[in-house]
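Data block for protein_10.tsv (TSV, C-alpha atoms):
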chain	number	residue	atom	x	y	z
N	1	MET	CA	67.48	86.05	110.50
N	2	THR	CA	69.87	84.82	113.19
N	3	ASP	CA	67.22	82.36	114.41
N	4	ARG	CA	67.49	80.57	111.05
N	5	ILE	CA	71.23	79.97	111.28
N	6	ILE	CA	72.22	76.35	111.81
N	7	GLU	CA	75.15	75.92	114.18
N	8	GLN	CA	77.40	72.91	113.98
N	9	HIS	CA	79.93	72.28	116.79
N	10	ILE	CA	82.95	70.17	115.96
N	11	HIS	CA	85.53	68.86	118.44
N	12	ILE	CA	88.90	68.20	116.85
N	13	PRO	CA	91.16	65.53	118.43
N	14	ASP	CA	94.07	67.91	119.20
N	15	GLY	CA	91.88	69.80	121.67
N	16	CYS	CA	90.58	72.47	119.29
N	17	TYR	CA	86.94	73.35	118.97
N	18	MET	CA	85.25	74.76	115.89
N	19	THR	CA	81.80	76.19	115.34
N	20	ASN	CA	80.35	76.31	111.84
N	21	ARG	CA	77.39	78.59	111.19
N	22	VAL	CA	75.38	77.72	108.11
N	23	LEU	CA	72.53	79.72	106.66
N	24	PRO	CA	69.91	77.53	104.97
N	25	ILE	CA	70.22	77.72	101.17
N	26	LYS	CA	66.71	79.12	100.67
N	27	HIS	CA	67.91	82.36	102.31
N	28	LEU	CA	71.11	82.67	100.28
N	29	SER	CA	69.30	83.73	97.10
N	30	LYS	CA	68.29	86.97	98.82
N	31	MET	CA	71.85	87.83	99.80
N	32	PRO	CA	74.36	89.62	97.55
N	33	HIS	CA	76.70	87.04	96.09
N	34	VAL	CA	79.06	86.28	93.20
N	35	ARG	CA	80.31	83.06	91.67
N	36	VAL	CA	84.08	82.59	91.96
N	37	PHE	CA	85.84	80.29	89.49
N	38	LEU	CA	88.71	78.31	90.95
N	39	ASP	CA	91.08	78.52	87.96
N	40	GLY	CA	90.74	82.31	87.87
N	41	LEU	CA	91.12	82.54	91.64
N	42	LEU	CA	94.28	80.45	91.48
N	43	THR	CA	95.69	82.59	88.66
N	44	LEU	CA	95.04	85.76	90.69
N	45	THR	CA	96.49	84.31	93.87
N	46	LEU	CA	99.65	82.88	92.30
N	47	ASP	CA	100.54	85.99	90.29
N	48	LYS	CA	103.90	86.97	91.81
N	49	ASP	CA	103.67	90.55	90.49
N	50	LEU	CA	100.59	91.30	92.59
N	51	THR	CA	100.98	92.42	96.18
N	52	GLY	CA	98.56	91.70	98.97
N	53	GLN	CA	97.28	95.24	98.56
N	54	ASP	CA	96.62	94.66	94.84
N	55	ILE	CA	94.60	91.54	95.65
N	56	ARG	CA	92.77	93.45	98.39
N	57	VAL	CA	91.85	96.18	95.87
N	58	PHE	CA	90.64	93.49	93.45
N	59	TRP	CA	88.29	92.00	96.08
N	60	ILE	CA	87.03	95.47	97.03
N	61	CYS	CA	86.22	95.98	93.35
N	62	VAL	CA	84.44	92.62	93.27
N	63	SER	CA	82.42	93.53	96.35
N	64	GLU	CA	81.37	96.82	94.73
N	65	MET	CA	80.72	95.58	91.19
N	66	GLU	CA	77.24	95.58	89.76
N	67	TYR	CA	75.34	93.05	87.66
N	68	GLU	CA	77.33	91.57	84.78
N	69	ASN	CA	80.63	92.56	86.41
N	70	PHE	CA	80.38	96.33	85.86
N	71	LEU	CA	82.22	98.61	88.26
N	72	ASP	CA	81.63	102.34	88.09
N	73	LYS	CA	83.18	103.54	91.34
N	74	THR	CA	85.75	106.31	91.34
N	75	GLN	CA	89.25	105.70	92.64
N	76	SER	CA	88.40	108.01	95.55
N	77	GLN	CA	85.34	105.92	96.42
N	78	LEU	CA	87.40	102.72	96.28
N	79	ALA	CA	90.10	104.34	98.42
N	80	SER	CA	87.53	105.29	101.02
N	81	ILE	CA	86.04	101.79	101.12
N	82	ALA	CA	89.44	100.04	101.24
N	83	GLU	CA	90.98	102.64	103.57
N	84	ILE	CA	93.92	102.91	101.18
N	85	LYS	CA	95.32	106.15	99.73
N	86	GLN	CA	93.99	107.04	96.28
N	87	PRO	CA	97.45	106.95	94.58
N	88	ASP	CA	97.88	103.37	95.88
N	89	ILE	CA	94.45	102.44	94.50
N	90	GLU	CA	95.52	103.87	91.16
N	91	LYS	CA	98.72	101.76	91.15
N	92	SER	CA	96.82	98.60	92.06
N	93	LEU	CA	94.16	99.23	89.40
N	94	LYS	CA	96.88	99.77	86.79
N	95	LYS	CA	98.45	96.41	87.69
N	96	LEU	CA	95.08	94.66	87.62
N	97	LEU	CA	94.30	96.24	84.24
N	98	ASP	CA	97.73	95.35	82.80
N	99	LYS	CA	97.37	91.74	83.97
N	100	GLY	CA	93.87	91.36	82.48
N	101	PHE	CA	91.98	90.94	85.74
N	102	MET	CA	89.85	93.99	84.86
N	103	ARG	CA	89.24	96.21	81.84
N	104	ILE	CA	88.18	99.76	81.19
N	105	ILE	CA	85.09	99.44	79.01
N	106	GLY	CA	83.99	103.06	78.87
N	107	GLN	CA	83.65	106.30	80.72
N	108	LYS	CA	80.94	108.01	82.72
N	109	GLY	CA	81.91	111.66	82.58
N	110	ARG	CA	85.61	111.67	83.51
N	111	GLN	CA	85.32	108.44	85.49
N	112	ASN	CA	86.34	105.05	84.08
N	113	VAL	CA	83.82	102.23	83.96
N	114	TYR	CA	85.41	98.82	84.48
N	115	ARG	CA	84.41	95.24	83.86
N	116	ILE	CA	85.91	92.56	86.06
N	117	ASN	CA	87.14	89.46	84.28
N	118	PRO	CA	84.31	86.89	84.04
N	119	TYR	CA	86.87	84.07	84.03
N	120	ILE	CA	87.42	84.89	87.74
N	121	VAL	CA	84.05	86.01	89.10
N	122	LEU	CA	80.49	86.35	87.87
N	123	LYS	CA	77.71	88.50	89.21
N	124	SER	CA	74.96	87.52	86.83
N	125	ARG	CA	72.79	84.57	85.96
N	126	ALA	CA	74.73	81.47	84.99
N	127	LYS	CA	73.08	81.48	81.57
N	128	ASN	CA	74.75	84.87	80.84
N	129	LEU	CA	78.28	83.59	81.45
N	130	SER	CA	78.96	82.42	77.89
N	131	GLY	CA	77.95	85.84	76.50
N	132	LEU	CA	80.16	87.68	78.99
N	133	ILE	CA	83.08	85.36	78.18
N	134	GLU	CA	82.54	85.89	74.45
N	135	ASP	CA	82.44	89.69	74.91
N	136	TRP	CA	85.57	89.53	77.07
N	137	ASP	CA	87.46	87.44	74.52
N	138	THR	CA	86.48	89.58	71.51
N	139	GLN	CA	87.57	92.86	73.13
N	140	ASP	CA	91.20	93.96	73.08
N	141	GLY	CA	93.36	92.02	75.48
N	142	GLU	CA	93.53	88.47	76.70
N	143	GLY	CA	91.26	86.83	79.23
N	144	VAL	CA	92.73	85.07	82.23
N	145	ALA	CA	91.80	81.46	81.67
Encoded form (structure tokens):
Amino acid sequence: MTDRIIEQHIHIPDGCYMTNRVLPIKHLSKMPHVRVFLDGLLTLTLDKDLTGQDIRVFWICVSEMEYENFLDKTQSQLASIAEIKQPDIEKSLKKLLDKGFMRIIGQKGRQNVYRINPYIVLKSRAKNLSGLIEDWDTQDGEGVA
């Protein structure tokens, strides 16, 4: 697929040089992706109670979530992926849950199943967003809007 990448070279007046690599849009639909909403992203980023590690754990969760924002990875699996100790993953998840960036929506055996806030990211068809938002708002807790 590297032969389909478009390279754009840009010379910047202060002597810097930048190369942009762009994949044609027709190939993007076959790649894993999520939609990120700027207001939710800003809320997450500006939250002074979250550490860099908490935000890192959030993005690991986003990268591992399934369709319609479900996440059913164990804390040990997340720790392995993030290369962070499991107790630190647990602390970060607790903060993210308390702040409303994620929710526990059930259990699979002894493992929690999470849903990541659809006000921040969406891994689904755009037409499903309103239903996910409605579900999020009618469950206990407040959405980050």
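Nearest-residue note for Gly109 (chain N): choosing from N:Thr43, N:Gln86, N:Thr74, N:Ser63, the minimum distance belongs to N:Thr74, counting only C-alpha atoms.
From CA of Ser92 (chain N) back to CA of Leu122 (chain N), the distance works out to 20.8 Å.
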Selection as a ChimeraX atom specification: residues within 10 Å of (83.7, 90.0, 82.3), counting all atoms listed in the file:
/N:68-70,101-103,114-123,129-137,143
Residues from last step as file, C-alpha atoms, as a PDB file, in the coordinates of the input:
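File again30.pdb, as written:
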ATOM      1  CA  GLU N  68      77.330  91.570  84.780  1.00  0.00           C
ATOM      2  CA  ASN N  69      80.630  92.560  86.410  1.00  0.00           C
ATOM      3  CA  PHE N  70      80.380  96.330  85.860  1.00  0.00           C
ATOM      4  CA  PHE N 101      91.980  90.940  85.740  1.00  0.00           C
ATOM      5  CA  MET N 102      89.850  93.990  84.860  1.00  0.00           C
ATOM      6  CA  ARG N 103      89.240  96.210  81.840  1.00  0.00           C
ATOM      7  CA  TYR N 114      85.410  98.820  84.480  1.00  0.00           C
ATOM      8  CA  ARG N 115      84.410  95.240  83.860  1.00  0.00           C
ATOM      9  CA  ILE N 116      85.910  92.560  86.060  1.00  0.00           C
ATOM     10  CA  ASN N 117      87.140  89.460  84.280  1.00  0.00           C
ATOM     11  CA  PRO N 118      84.310  86.890  84.040  1.00  0.00           C
ATOM     12  CA  TYR N 119      86.870  84.070  84.030  1.00  0.00           C
ATOM     13  CA  ILE N 120      87.420  84.890  87.740  1.00  0.00           C
ATOM     14  CA  VAL N 121      84.050  86.010  89.100  1.00  0.00           C
ATOM     15  CA  LEU N 122      80.490  86.350  87.870  1.00  0.00           C
ATOM     16  CA  LYS N 123      77.710  88.500  89.210  1.00  0.00           C
ATOM     17  CA  LEU N 129      78.280  83.590  81.450  1.00  0.00           C
ATOM     18  CA  SER N 130      78.960  82.420  77.890  1.00  0.00           C
ATOM     19  CA  GLY N 131      77.950  85.840  76.500  1.00  0.00           C
ATOM     20  CA  LEU N 132      80.160  87.680  78.990  1.00  0.00           C
ATOM     21  CA  ILE N 133      83.080  85.360  78.180  1.00  0.00           C
ATOM     22  CA  GLU N 134      82.540  85.890  74.450  1.00  0.00           C
ATOM     23  CA  ASP N 135      82.440  89.690  74.910  1.00  0.00           C
ATOM     24  CA  TRP N 136      85.570  89.530  77.070  1.00  0.00           C
ATOM     25  CA  ASP N 137      87.460  87.440  74.520  1.00  0.00           C
ATOM     26  CA  GLY N 143      91.260  86.830  79.230  1.00  0.00           C
TER      27      GLY N 143
END
Using all atoms listed in the file, which of N:Gln139, N:Gln53, N:Asn128, N:Thr45 sits nearest Glu83 (chain N)?
N:Gln53
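Among the candidates N:Ile104, N:Ala82, N:Ala126, N:Val34, the one nearest to Ile55 (chain N) when counting only C-alpha atoms is N:Ala82.
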Size and centre in Å, one decimal, axis-aligned box, all listed region 55-65 of chain N atoms plus 6 Å per side, as lines of an AutoDock Vina configuration file:
center_x = 87.7
center_y = 94.2
center_z = 94.8
size_x = 25.9
size_y = 17.3
size_z = 19.2
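The shortest atom-to-atom distance to Met65 (chain N), with only C-alpha atoms taken into account, belongs to N:Val113 out of N:Ala79, N:Leu38, N:Leu96, N:Val113.
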Please measure the separation of CA of Lys91 (chain N) and CA of Ile105 (chain N), giving the value in Å to one decimal.
18.4 Å
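The space separating CA of Arg110 (chain N) from CA of Ser76 (chain N) comes to 12.9 Å.
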Residues near region 46-52 of chain N, anyone? I mean within 10 Å using all atoms listed in the file, not counting same-chain ones fewer than 5 positions away, as JSON, numbers by chain.
{"N": [40, 41, 57, 58, 92, 95, 96, 99]}
Do you know which residues are at most 10 Å from Gln75 (chain N) counting only C-alpha atoms, after dropping those on the same chain fewer than 5 positions away, and could you put them as a count of residues only?
11
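Minimum atom-to-atom distance to Ile84 (chain N), evaluated using only C-alpha atoms, belongs to N:Ile60 out of N:Leu71, N:Leu97, N:Ile60, N:Leu42.
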